$ cat entry22.txt   # compact mmCIF, C-alpha atoms
# COMPACT_ATOMS: atom_id res chain seq x y z
CA MET A 1 100.80 77.59 102.13
CA ILE A 2 100.10 81.28 102.79
CA ARG A 3 96.65 81.07 101.23
CA LYS A 4 95.83 77.90 103.17
CA ARG A 5 96.98 79.61 106.35
CA LEU A 6 94.76 82.63 105.71
CA ILE A 7 91.74 80.47 104.92
CA MET A 8 92.26 78.52 108.13
CA LYS A 9 92.60 81.74 110.08
CA ALA A 10 89.43 83.07 108.49
CA LEU A 11 87.54 80.24 110.11
CA ALA A 12 89.11 80.90 113.49
CA PRO A 13 87.63 83.68 115.65
CA LEU A 14 89.03 87.11 115.04
CA SER A 15 89.16 89.96 117.54
CA SER A 16 85.78 89.05 119.01
CA ASN A 17 85.05 85.81 120.81
CA TYR A 18 83.19 84.23 117.95
CA SER A 19 82.75 80.55 117.22
CA SER A 20 82.13 79.70 113.62
CA THR A 21 80.99 76.78 111.60
CA LEU A 22 81.34 76.57 107.86
CA THR A 23 79.57 73.92 105.87
CA HIS A 24 80.02 73.76 102.13
CA SER A 25 77.72 71.36 100.32
CA LEU A 26 78.53 70.50 96.74
CA HIS A 27 76.13 69.11 94.16
CA THR A 28 78.25 65.97 94.02
CA ASN A 29 78.56 62.91 96.16
CA SER A 30 80.58 64.49 98.95
CA SER A 31 81.27 67.70 100.87
CA LEU A 32 83.94 69.03 103.19
CA ILE A 33 82.92 70.23 106.65
CA LEU A 34 85.17 72.47 108.74
CA LYS A 35 84.48 73.52 112.30
CA THR A 36 86.27 75.67 114.86
CA GLN A 37 85.87 75.69 118.60
CA THR A 38 86.63 78.46 121.08
CA PRO A 39 89.25 81.20 120.55
CA HIS A 40 91.42 79.65 123.24
CA SER A 41 91.36 76.13 121.90
CA PRO A 42 91.03 76.15 118.13
CA LEU A 43 90.46 72.69 116.80
CA PHE A 44 89.68 71.79 113.22
CA PHE A 45 87.75 68.75 112.09
CA PHE A 46 87.81 67.54 108.51
CA THR A 47 85.23 64.95 107.56
CA ARG A 48 83.97 63.76 104.24
CA ARG A 49 80.28 63.00 104.01
CA THR A 50 78.66 60.91 101.31
CA PHE A 51 75.27 61.90 99.89
CA HIS A 52 72.79 59.63 98.16
CA SER A 53 71.93 60.37 94.57
CA SER A 54 68.81 62.44 94.02
CA PRO A 55 65.98 61.19 91.81
CA PRO A 56 65.86 62.54 88.25
CA ILE A 57 64.44 66.05 87.91
CA SER A 58 62.87 67.85 84.99
CA MET A 59 64.83 70.13 82.66
CA ALA A 60 62.73 73.11 83.73
CA SER A 61 63.47 72.45 87.40
CA ALA A 62 67.18 72.01 86.68
CA SER A 63 67.25 75.29 84.78
CA LEU A 64 65.58 77.10 87.66
CA ASN A 65 68.05 75.70 90.18
CA ASN A 66 70.96 76.67 87.96
CA GLU A 67 69.72 80.24 87.79
CA ARG A 68 69.45 80.38 91.57
CA ALA A 69 72.95 78.98 91.91
CA ARG A 70 74.31 81.73 89.66
CA ALA A 71 72.71 84.48 91.74
CA PRO A 72 72.60 83.47 95.43
CA PRO A 73 70.97 85.98 97.76
CA ALA A 74 73.35 88.54 99.25
CA ILE A 75 74.31 88.21 102.89
CA PRO A 76 72.98 91.30 104.71
CA LEU A 77 75.80 93.33 106.24
CA PRO A 78 75.52 95.46 109.38
CA PRO A 79 74.87 99.15 108.66
CA PRO A 80 77.61 101.55 109.81
CA PRO A 81 76.81 103.23 113.13
CA LEU A 82 77.49 106.65 111.58
CA SER A 83 76.29 107.89 108.21
CA LYS A 84 78.86 110.72 108.20
CA PHE A 85 82.22 111.14 109.89
CA LYS A 86 85.70 112.53 109.35
CA ILE A 87 88.90 110.49 109.18
CA GLY A 88 92.41 111.86 109.73
CA LEU A 89 95.57 110.35 108.18
CA CYS A 90 98.72 111.48 110.01
CA GLN A 91 101.82 111.04 107.83
CA LEU A 92 104.49 111.69 110.46
CA SER A 93 108.22 112.20 110.32
CA VAL A 94 110.02 109.67 112.53
CA THR A 95 113.33 110.23 114.32
CA ALA A 96 115.63 108.29 116.62
CA ASP A 97 114.21 110.22 119.61
CA LYS A 98 111.34 108.12 120.92
CA ASP A 99 110.03 110.77 123.31
CA ARG A 100 109.96 113.26 120.44
CA ASN A 101 108.08 110.79 118.23
CA ILE A 102 105.44 110.22 120.90
CA ALA A 103 105.01 113.96 121.55
CA HIS A 104 104.82 114.64 117.83
CA ALA A 105 102.16 111.97 117.29
CA ARG A 106 100.20 113.41 120.21
CA GLN A 107 100.19 116.85 118.57
CA ALA A 108 99.14 115.46 115.20
CA ILE A 109 96.23 113.52 116.73
CA GLN A 110 95.08 116.57 118.68
CA ASP A 111 95.22 118.72 115.53
CA ALA A 112 93.24 116.16 113.55
CA ALA A 113 90.62 115.90 116.30
CA SER A 114 90.35 119.69 116.52
CA LYS A 115 89.39 119.69 112.83
CA GLY A 116 86.64 117.19 113.48
CA ALA A 117 88.32 113.84 112.84
CA GLN A 118 86.45 111.04 114.62
CA LEU A 119 88.84 108.36 113.37
CA VAL A 120 92.62 108.90 113.24
CA LEU A 121 95.11 106.59 111.53
CA LEU A 122 98.87 106.66 112.27
CA PRO A 123 101.78 105.20 110.23
CA GLU A 124 103.56 101.88 110.53
CA ILE A 125 106.43 101.98 113.11
CA TRP A 126 105.89 105.62 114.05
CA ASN A 127 107.72 105.57 117.42
CA SER A 128 110.97 104.00 116.15
CA PRO A 129 113.33 104.04 113.19
CA TYR A 130 112.42 101.28 110.76
CA SER A 131 115.38 98.94 111.26
CA ASN A 132 116.11 95.54 112.76
CA ASP A 133 118.61 97.18 115.09
CA SER A 134 115.93 99.51 116.44
CA PHE A 135 113.01 97.12 116.88
CA PRO A 136 114.37 95.43 120.05
CA VAL A 137 115.42 98.77 121.56
CA TYR A 138 112.12 100.59 120.99
CA ALA A 139 109.81 97.62 121.62
CA GLU A 140 107.12 97.97 124.30
CA ASP A 141 105.12 95.55 126.42
CA ILE A 142 101.65 96.54 125.28
CA ASP A 143 99.85 94.09 127.56
CA ALA A 144 101.61 95.52 130.62
CA GLY A 145 100.72 99.08 129.59
CA GLY A 146 101.63 102.17 131.61
CA ASP A 147 105.33 102.93 131.76
CA ALA A 148 106.05 99.67 129.93
CA SER A 149 104.25 101.05 126.87
CA PRO A 150 104.35 104.86 126.76
CA SER A 151 103.28 104.91 123.10
CA THR A 152 100.01 103.07 123.64
CA ALA A 153 99.42 104.83 126.96
CA MET A 154 99.42 108.13 125.03
CA LEU A 155 97.01 106.74 122.42
CA SER A 156 94.65 105.45 125.10
CA GLU A 157 94.70 108.77 126.93
CA LEU A 158 93.96 110.81 123.81
CA ALA A 159 91.23 108.48 122.58
CA ARG A 160 89.46 108.84 125.93
CA HIS A 161 90.05 112.58 126.30
CA LEU A 162 89.15 113.51 122.72
CA LYS A 163 86.37 110.90 122.38
CA ILE A 164 87.77 109.57 119.08
CA THR A 165 88.72 106.19 117.65
CA ILE A 166 92.44 105.72 117.01
CA VAL A 167 93.96 103.10 114.72
CA GLY A 168 97.41 103.49 116.19
CA GLY A 169 99.63 102.70 113.22
CA SER A 170 102.11 100.15 114.52
CA ILE A 171 104.95 99.90 117.00
CA PRO A 172 107.44 97.15 117.88
CA GLU A 173 105.86 94.97 120.57
CA ARG A 174 107.66 92.66 123.00
CA SER A 175 105.64 89.72 124.26
CA ARG A 176 106.81 86.44 125.83
CA GLY A 177 110.28 86.68 124.37
CA ASN A 178 109.12 87.56 120.84
CA LEU A 179 108.99 90.82 118.92
CA TYR A 180 105.98 91.76 116.79
CA ASN A 181 104.96 94.59 114.49
CA THR A 182 101.69 95.50 116.18
CA CYS A 183 98.75 97.83 115.55
CA CYS A 184 96.49 98.81 118.45
CA VAL A 185 92.95 100.16 118.08
CA PHE A 186 91.52 102.31 120.87
CA GLY A 187 87.87 103.23 121.32
CA THR A 188 86.37 106.49 122.52
CA ASP A 189 86.54 105.22 126.09
CA GLY A 190 90.31 104.80 125.81
CA LYS A 191 90.13 101.02 126.05
CA LEU A 192 92.11 98.74 123.77
CA LYS A 193 89.56 97.28 121.35
CA ALA A 194 91.89 95.20 119.17
CA LYS A 195 95.53 94.36 118.58
CA HIS A 196 96.73 93.23 115.16
CA ARG A 197 100.15 91.65 114.73
CA LYS A 198 101.53 91.87 111.20
CA ILE A 199 100.86 88.50 109.58
CA HIS A 200 103.10 88.74 106.52
CA LEU A 201 106.63 89.85 107.36
CA PHE A 202 108.49 91.92 104.79
CA ASP A 203 111.56 90.09 103.49
CA ILE A 204 113.03 91.53 100.29
CA ASP A 205 116.34 91.31 98.45
CA ILE A 206 116.63 93.25 95.18
CA PRO A 207 120.34 93.63 94.34
CA GLY A 208 121.32 97.25 93.92
CA LYS A 209 117.93 98.43 95.20
CA ILE A 210 116.91 97.24 98.67
CA THR A 211 117.58 94.39 101.08
CA PHE A 212 115.55 94.06 104.26
CA PHE A 213 114.45 91.05 106.29
CA GLU A 214 111.91 91.72 109.04
CA SER A 215 112.05 88.05 109.93
CA LYS A 216 115.55 88.55 111.38
CA THR A 217 113.98 90.13 114.46
CA LEU A 218 110.19 89.99 114.20
CA THR A 219 107.73 87.15 114.63
CA ALA A 220 104.71 86.90 112.34
CA GLY A 221 101.23 87.35 113.74
CA GLU A 222 98.71 84.59 113.22
CA THR A 223 95.25 86.12 113.32
CA PRO A 224 93.25 88.47 111.06
CA THR A 225 91.76 91.35 113.01
CA ILE A 226 88.36 92.95 112.49
CA VAL A 227 86.99 95.32 115.09
CA ASP A 228 83.70 97.10 115.72
CA THR A 229 84.29 100.77 116.50
CA GLU A 230 82.14 103.83 117.01
CA VAL A 231 82.56 104.73 113.33
CA GLY A 232 82.06 101.27 111.84
CA ARG A 233 83.55 97.82 111.44
CA ILE A 234 87.24 98.02 110.45
CA GLY A 235 89.57 95.37 109.09
CA ILE A 236 93.23 95.88 110.02
CA GLY A 237 96.38 94.98 108.10
CA ILE A 238 99.95 96.23 108.26
CA CYS A 239 101.98 97.13 105.16
CA TYR A 240 102.87 93.83 103.45
CA ASP A 241 99.51 92.39 104.56
CA ILE A 242 97.92 94.49 101.79
CA ARG A 243 99.54 92.31 99.12
CA PHE A 244 97.34 89.36 100.06
CA PRO A 245 93.80 89.70 98.67
CA GLU A 246 92.54 86.80 100.79
CA LEU A 247 92.94 88.85 103.97
CA ALA A 248 90.85 91.72 102.60
CA MET A 249 88.26 89.25 101.31
CA ILE A 250 87.98 87.76 104.80
CA TYR A 251 87.32 91.23 106.20
CA ALA A 252 84.73 92.00 103.52
CA ALA A 253 82.98 88.69 104.21
CA ARG A 254 82.92 89.57 107.90
CA GLY A 255 81.07 92.81 107.17
CA ALA A 256 83.88 95.39 107.31
CA HIS A 257 82.98 98.95 106.29
CA LEU A 258 86.59 100.14 105.97
CA LEU A 259 90.07 98.60 105.62
CA CYS A 260 93.01 100.33 107.34
CA TYR A 261 96.62 99.55 106.46
CA PRO A 262 99.39 101.49 108.19
CA GLY A 263 102.37 100.85 105.95
CA ALA A 264 105.92 101.91 105.10
CA PHE A 265 106.53 100.95 101.49
CA ASN A 266 109.96 102.00 100.26
CA MET A 267 111.44 103.84 97.29
CA THR A 268 111.55 100.62 95.24
CA THR A 269 108.18 99.00 95.96
CA GLY A 270 106.32 102.26 96.63
CA PRO A 271 106.19 103.71 93.11
CA LEU A 272 105.48 100.26 91.67
CA HIS A 273 102.79 98.85 93.93
CA TRP A 274 101.60 101.16 96.74
CA GLU A 275 98.73 102.84 94.88
CA LEU A 276 98.02 99.79 92.73
CA LEU A 277 97.45 97.49 95.71
CA GLN A 278 95.19 99.95 97.50
CA ARG A 279 93.03 100.39 94.42
CA ALA A 280 92.94 96.63 93.90
CA ARG A 281 91.79 95.90 97.46
CA ALA A 282 89.16 98.66 97.25
CA THR A 283 87.85 97.43 93.90
CA ASP A 284 87.98 93.72 94.79
CA ASN A 285 85.84 94.19 97.87
CA GLN A 286 83.96 97.43 97.10
CA LEU A 287 85.23 99.01 100.30
CA TYR A 288 87.16 102.12 101.22
CA VAL A 289 90.86 101.57 101.93
CA ALA A 290 92.86 103.96 104.13
CA THR A 291 96.65 103.78 104.32
CA CYS A 292 99.11 105.80 106.35
CA SER A 293 102.88 105.94 105.82
CA PRO A 294 105.70 107.67 107.65
CA ALA A 295 106.94 110.80 105.90
CA ARG A 296 109.93 110.37 103.64
CA ASP A 297 113.36 110.92 105.23
CA THR A 298 116.11 110.57 102.66
CA GLY A 299 118.73 110.49 105.43
CA SER A 300 117.25 107.36 107.01
CA SER A 301 118.61 103.86 106.46
CA TYR A 302 115.10 102.88 105.33
CA VAL A 303 113.43 105.55 103.18
CA ALA A 304 109.63 105.40 103.21
CA TRP A 305 107.68 106.19 100.06
CA GLY A 306 105.06 108.31 101.83
CA HIS A 307 101.88 108.99 99.84
CA SER A 308 99.35 108.12 102.54
CA THR A 309 96.13 107.57 100.67
CA LEU A 310 92.39 107.16 100.94
CA VAL A 311 90.94 105.08 98.12
CA GLY A 312 87.32 104.51 97.21
CA PRO A 313 85.82 101.50 95.45
CA GLY A 314 85.12 103.24 92.12
CA VAL A 315 86.42 101.59 88.98
CA HIS A 316 87.86 104.70 87.33
CA GLY A 317 91.13 106.20 88.54
CA PRO A 318 89.96 109.83 89.09
CA ASP A 319 86.84 108.59 90.89
CA GLN A 320 88.71 106.03 92.96
CA LEU A 321 91.87 107.75 94.21
CA LYS A 322 90.66 110.24 96.78
CA PHE A 323 93.87 111.81 98.06
CA ARG A 324 97.61 111.34 97.88
CA PRO A 325 99.56 113.98 99.83
CA GLY A 326 103.06 113.14 98.59
CA SER A 327 106.12 112.33 100.65
CA ASP A 328 106.33 115.23 103.13
CA GLU A 329 104.95 115.27 106.64
CA VAL A 330 101.23 116.03 106.48
CA TRP A 331 97.96 115.17 108.15
CA VAL A 332 94.78 115.38 106.14
CA ILE A 333 91.11 115.22 107.13
CA PHE A 334 88.42 113.60 104.99
CA ARG A 335 84.68 113.71 105.37
CA LEU A 336 83.08 110.38 104.63
CA ALA A 337 79.56 111.18 103.48
CA SER A 338 78.68 107.56 104.01
CA MET A 339 80.46 104.25 104.42
CA TRP A 340 78.48 103.01 101.44
CA PRO A 341 80.50 103.16 98.20
CA GLU A 342 78.02 105.06 96.04
CA LEU A 343 77.99 108.19 98.21
CA GLY A 344 81.67 109.07 98.18
CA LEU A 345 83.94 111.28 100.26
CA ARG A 346 86.12 114.35 99.86
CA PRO A 347 89.20 115.91 101.49
CA ILE A 348 88.51 118.75 103.87
CA LYS A 349 91.85 120.16 104.93
CA SER A 350 95.52 119.22 105.13
CA THR A 351 98.14 120.53 107.53
CA ARG A 352 101.89 120.52 106.93
$ encode --input "entry22.txt" --output "structure tokens"
Amino acid sequence: MIRKRLIMKALAPLSSNYSSTLTHSLHTNSSLILKTQTPHSPLFFFTRRTFHSSPPISMASASLNNERARAPPAIPLPPPPLSKFKIGLCQLSVTADKDRNIAHARQAIQDAASKGAQLVLLPEIWNSPYSNDSFPVYAEDIDAGGDASPSTAMLSELARHLKITIVGGSIPERSRGNLYNTCCVFGTDGKLKAKHRKIHLFDIDIPGKITFFESKTLTAGETPTIVDTEVGRIGIGICYDIRFPELAMIYAARGAHLLCYPGAFNMTTGPLHWELLQRARATDNQLYVATCSPARDTGSSYVAWGHSTLVGPGVHGPDQLKFRPGSDEVWVIFRLASMWPELGLRPIKSTR
């Protein structure tokens, strides 16, 4: 059901007001045609069309067609708007003091920008403790903005003032009676370019290890989010979204240059799957993958794994894993020599 849901959402418009039509013709007697209408009124049509049999063809012609079928021409992707830029990952400590969290994130973003970062990524749930008790208390009305959403107001202000792109981690969002785990992306003009609501909620119960059910308080998002920014086209996911390869494949098919996943894996799933999943998504789609976690706080009810990471699409571990700062609070700056996989990237400086 999850895969079907993702495929259906792939056909629906994403962050931009696209309409899409997908036609898949098989070399059989029928094909399935799927169409979507406007973003505000998605409607799917499923029809089966019958084709007449083709006349016999020569063996040489059949062989030629088979070869073409094995190697279809590549779909040209849009070039990144920048050939070089710096990205900052801000692995922040999070407390129960919301005002302190906002001020601390402000300082980290300013420090990253002062070192040349043109894109800054924050952690999942950086303005609130990660707990079902806290989500309703710390939730903000992002659409209302201003005093109703001091966290995103700060991000908008800094993006405009510093002329940078901010992938704002995630915060609890309140909208029409529901709570969401939401990531906001702000452009260099300070305007909200995209809003991604976590699609796959994290429900886990491992006896003696960890039990947590986001679905007790949060509502799942429904739409993949890809956004054109001043540094390139970015696909957005939040934490558990990274476990689903279909979402990353949708972003790659839509021409993403980079995948960003703010996430807060824990002390059970972190050492097992955090790095593995990032490397898998990077290798699967031959894209860079950036993740950002909260810093580890062993006194918290939910202890984050940390290890914010930037992963390249190389097939060998040392060539693929670009940086892993550990569990402490840190923000690190990378220079991306190019968004194209073969040209690589390297860490510039980290601040603790």
$ atom_distance --input "entry22.txt" --atom1 "CA of Pro123 (chain A)" --atom2 "CA of Lys163 (chain A)"
20.4 Å
$ closest_residue --input "entry22.txt" --among "A:Val185, A:His104, A:Val120, A:Tyr302" --to "Ile142 (chain A)" --atoms "all atoms listed in the file"
A:Val185
$ closest_residue --input "entry22.txt" --among "A:Thr268, A:His161, A:Leu310, A:Ala103" --to "Arg335 (chain A)" --atoms "all atoms listed in the file"
A:Leu310
$ atom_distance --input "entry22.txt" --atom1 "CA of Ser156 (chain A)" --atom2 "CA of Lys191 (chain A)"
6.4 Å
$ atom_distance --input "entry22.txt" --atom1 "CA of Asp205 (chain A)" --atom2 "CA of Gln278 (chain A)"
22.9 Å
$ closest_atom_pairs --input "entry22.txt" --of "region 167-284 of chain A" --to "region 105-112 of chain A" --cutoff "12 Å" --atoms "all atoms listed in the file" --output "CSV"
residue,atom,partner,partner_atom,distance
A:Val167,CA,A:Ile109,CA,10.9
A:Gly168,CA,A:Ala105,CA,9.8
A:Gly169,CA,A:Ala105,CA,10.4
$ decode --input "entry22.txt" --residues "region 226-237 of chain A" --atoms "all heavy atoms" --output "PDB file, in the first residue's frame"
ATOM      1  N   ILE A 226       9.676  18.513  -4.084  1.00  0.00           N
ATOM      2  CA  ILE A 226      10.915  18.854  -4.788  1.00  0.00           C
ATOM      3  C   ILE A 226      10.860  20.344  -5.100  1.00  0.00           C
ATOM      4  O   ILE A 226       9.811  20.861  -5.484  1.00  0.00           O
ATOM      5  CB  ILE A 226      11.102  18.002  -6.053  1.00  0.00           C
ATOM      6  CG1 ILE A 226      12.496  18.214  -6.637  1.00  0.00           C
ATOM      7  CG2 ILE A 226      10.032  18.265  -7.083  1.00  0.00           C
ATOM      8  CD1 ILE A 226      12.880  17.183  -7.674  1.00  0.00           C
ATOM      9  N   VAL A 227      11.973  21.033  -4.886  1.00  0.00           N
ATOM     10  CA  VAL A 227      11.934  22.493  -4.952  1.00  0.00           C
ATOM     11  C   VAL A 227      13.165  23.022  -5.681  1.00  0.00           C
ATOM     12  O   VAL A 227      14.287  22.557  -5.459  1.00  0.00           O
ATOM     13  CB  VAL A 227      11.841  23.100  -3.523  1.00  0.00           C
ATOM     14  CG1 VAL A 227      12.944  22.595  -2.624  1.00  0.00           C
ATOM     15  CG2 VAL A 227      11.830  24.616  -3.568  1.00  0.00           C
ATOM     16  N   ASP A 228      12.949  23.978  -6.557  1.00  0.00           N
ATOM     17  CA  ASP A 228      14.043  24.650  -7.245  1.00  0.00           C
ATOM     18  C   ASP A 228      14.541  25.797  -6.370  1.00  0.00           C
ATOM     19  O   ASP A 228      13.766  26.671  -5.973  1.00  0.00           O
ATOM     20  CB  ASP A 228      13.578  25.195  -8.595  1.00  0.00           C
ATOM     21  CG  ASP A 228      13.405  24.098  -9.628  1.00  0.00           C
ATOM     22  OD1 ASP A 228      14.275  23.215  -9.715  1.00  0.00           O
ATOM     23  OD2 ASP A 228      12.401  24.125 -10.354  1.00  0.00           O
ATOM     24  N   THR A 229      15.820  25.773  -6.060  1.00  0.00           N
ATOM     25  CA  THR A 229      16.434  26.806  -5.230  1.00  0.00           C
ATOM     26  C   THR A 229      17.581  27.455  -5.985  1.00  0.00           C
ATOM     27  O   THR A 229      17.931  27.038  -7.095  1.00  0.00           O
ATOM     28  CB  THR A 229      16.974  26.207  -3.918  1.00  0.00           C
ATOM     29  OG1 THR A 229      18.174  25.457  -4.200  1.00  0.00           O
ATOM     30  CG2 THR A 229      15.952  25.289  -3.263  1.00  0.00           C
ATOM     31  N   GLU A 230      18.184  28.437  -5.358  1.00  0.00           N
ATOM     32  CA  GLU A 230      19.299  29.144  -5.989  1.00  0.00           C
ATOM     33  C   GLU A 230      20.542  28.276  -6.119  1.00  0.00           C
ATOM     34  O   GLU A 230      21.461  28.622  -6.880  1.00  0.00           O
ATOM     35  CB  GLU A 230      19.623  30.413  -5.187  1.00  0.00           C
ATOM     36  CG  GLU A 230      18.616  31.542  -5.350  1.00  0.00           C
ATOM     37  CD  GLU A 230      17.322  31.318  -4.586  1.00  0.00           C
ATOM     38  OE1 GLU A 230      17.245  30.357  -3.790  1.00  0.00           O
ATOM     39  OE2 GLU A 230      16.375  32.105  -4.790  1.00  0.00           O
ATOM     40  N   VAL A 231      20.605  27.156  -5.410  1.00  0.00           N
ATOM     41  CA  VAL A 231      21.767  26.275  -5.515  1.00  0.00           C
ATOM     42  C   VAL A 231      21.464  24.998  -6.292  1.00  0.00           C
ATOM     43  O   VAL A 231      22.367  24.190  -6.542  1.00  0.00           O
ATOM     44  CB  VAL A 231      22.320  25.905  -4.119  1.00  0.00           C
ATOM     45  CG1 VAL A 231      22.800  27.136  -3.379  1.00  0.00           C
ATOM     46  CG2 VAL A 231      21.277  25.147  -3.297  1.00  0.00           C
ATOM     47  N   GLY A 232      20.215  24.782  -6.662  1.00  0.00           N
ATOM     48  CA  GLY A 232      19.873  23.581  -7.410  1.00  0.00           C
ATOM     49  C   GLY A 232      18.512  23.047  -7.019  1.00  0.00           C
ATOM     50  O   GLY A 232      17.822  23.589  -6.142  1.00  0.00           O
ATOM     51  N   ARG A 233      18.129  21.973  -7.663  1.00  0.00           N
ATOM     52  CA  ARG A 233      16.834  21.334  -7.402  1.00  0.00           C
ATOM     53  C   ARG A 233      17.001  20.311  -6.283  1.00  0.00           C
ATOM     54  O   ARG A 233      17.831  19.406  -6.374  1.00  0.00           O
ATOM     55  CB  ARG A 233      16.307  20.676  -8.669  1.00  0.00           C
ATOM     56  CG  ARG A 233      14.926  20.064  -8.535  1.00  0.00           C
ATOM     57  CD  ARG A 233      14.368  19.652  -9.891  1.00  0.00           C
ATOM     58  NE  ARG A 233      14.108  20.834 -10.722  1.00  0.00           N
ATOM     59  CZ  ARG A 233      13.644  20.774 -11.966  1.00  0.00           C
ATOM     60  NH1 ARG A 233      13.419  19.600 -12.533  1.00  0.00           N
ATOM     61  NH2 ARG A 233      13.423  21.889 -12.641  1.00  0.00           N
ATOM     62  N   ILE A 234      16.210  20.442  -5.223  1.00  0.00           N
ATOM     63  CA  ILE A 234      16.383  19.640  -4.008  1.00  0.00           C
ATOM     64  C   ILE A 234      15.119  18.837  -3.732  1.00  0.00           C
ATOM     65  O   ILE A 234      14.005  19.376  -3.745  1.00  0.00           O
ATOM     66  CB  ILE A 234      16.700  20.543  -2.798  1.00  0.00           C
ATOM     67  CG1 ILE A 234      17.970  21.358  -3.057  1.00  0.00           C
ATOM     68  CG2 ILE A 234      16.862  19.706  -1.529  1.00  0.00           C
ATOM     69  CD1 ILE A 234      18.274  22.372  -1.952  1.00  0.00           C
ATOM     70  N   GLY A 235      15.312  17.552  -3.448  1.00  0.00           N
ATOM     71  CA  GLY A 235      14.229  16.700  -2.980  1.00  0.00           C
ATOM     72  C   GLY A 235      14.277  16.612  -1.469  1.00  0.00           C
ATOM     73  O   GLY A 235      15.355  16.435  -0.887  1.00  0.00           O
ATOM     74  N   ILE A 236      13.119  16.746  -0.813  1.00  0.00           N
ATOM     75  CA  ILE A 236      13.069  16.815   0.646  1.00  0.00           C
ATOM     76  C   ILE A 236      12.380  15.582   1.227  1.00  0.00           C
ATOM     77  O   ILE A 236      11.324  15.156   0.760  1.00  0.00           O
ATOM     78  CB  ILE A 236      12.289  18.070   1.115  1.00  0.00           C
ATOM     79  CG1 ILE A 236      12.885  19.336   0.494  1.00  0.00           C
ATOM     80  CG2 ILE A 236      12.301  18.157   2.642  1.00  0.00           C
ATOM     81  CD1 ILE A 236      14.280  19.675   0.950  1.00  0.00           C
ATOM     82  N   GLY A 237      12.984  15.016   2.267  1.00  0.00           N
ATOM     83  CA  GLY A 237      12.365  13.971   3.071  1.00  0.00           C
ATOM     84  C   GLY A 237      12.690  14.230   4.527  1.00  0.00           C
ATOM     85  O   GLY A 237      13.591  15.013   4.829  1.00  0.00           O
TER      86      GLY A 237
END
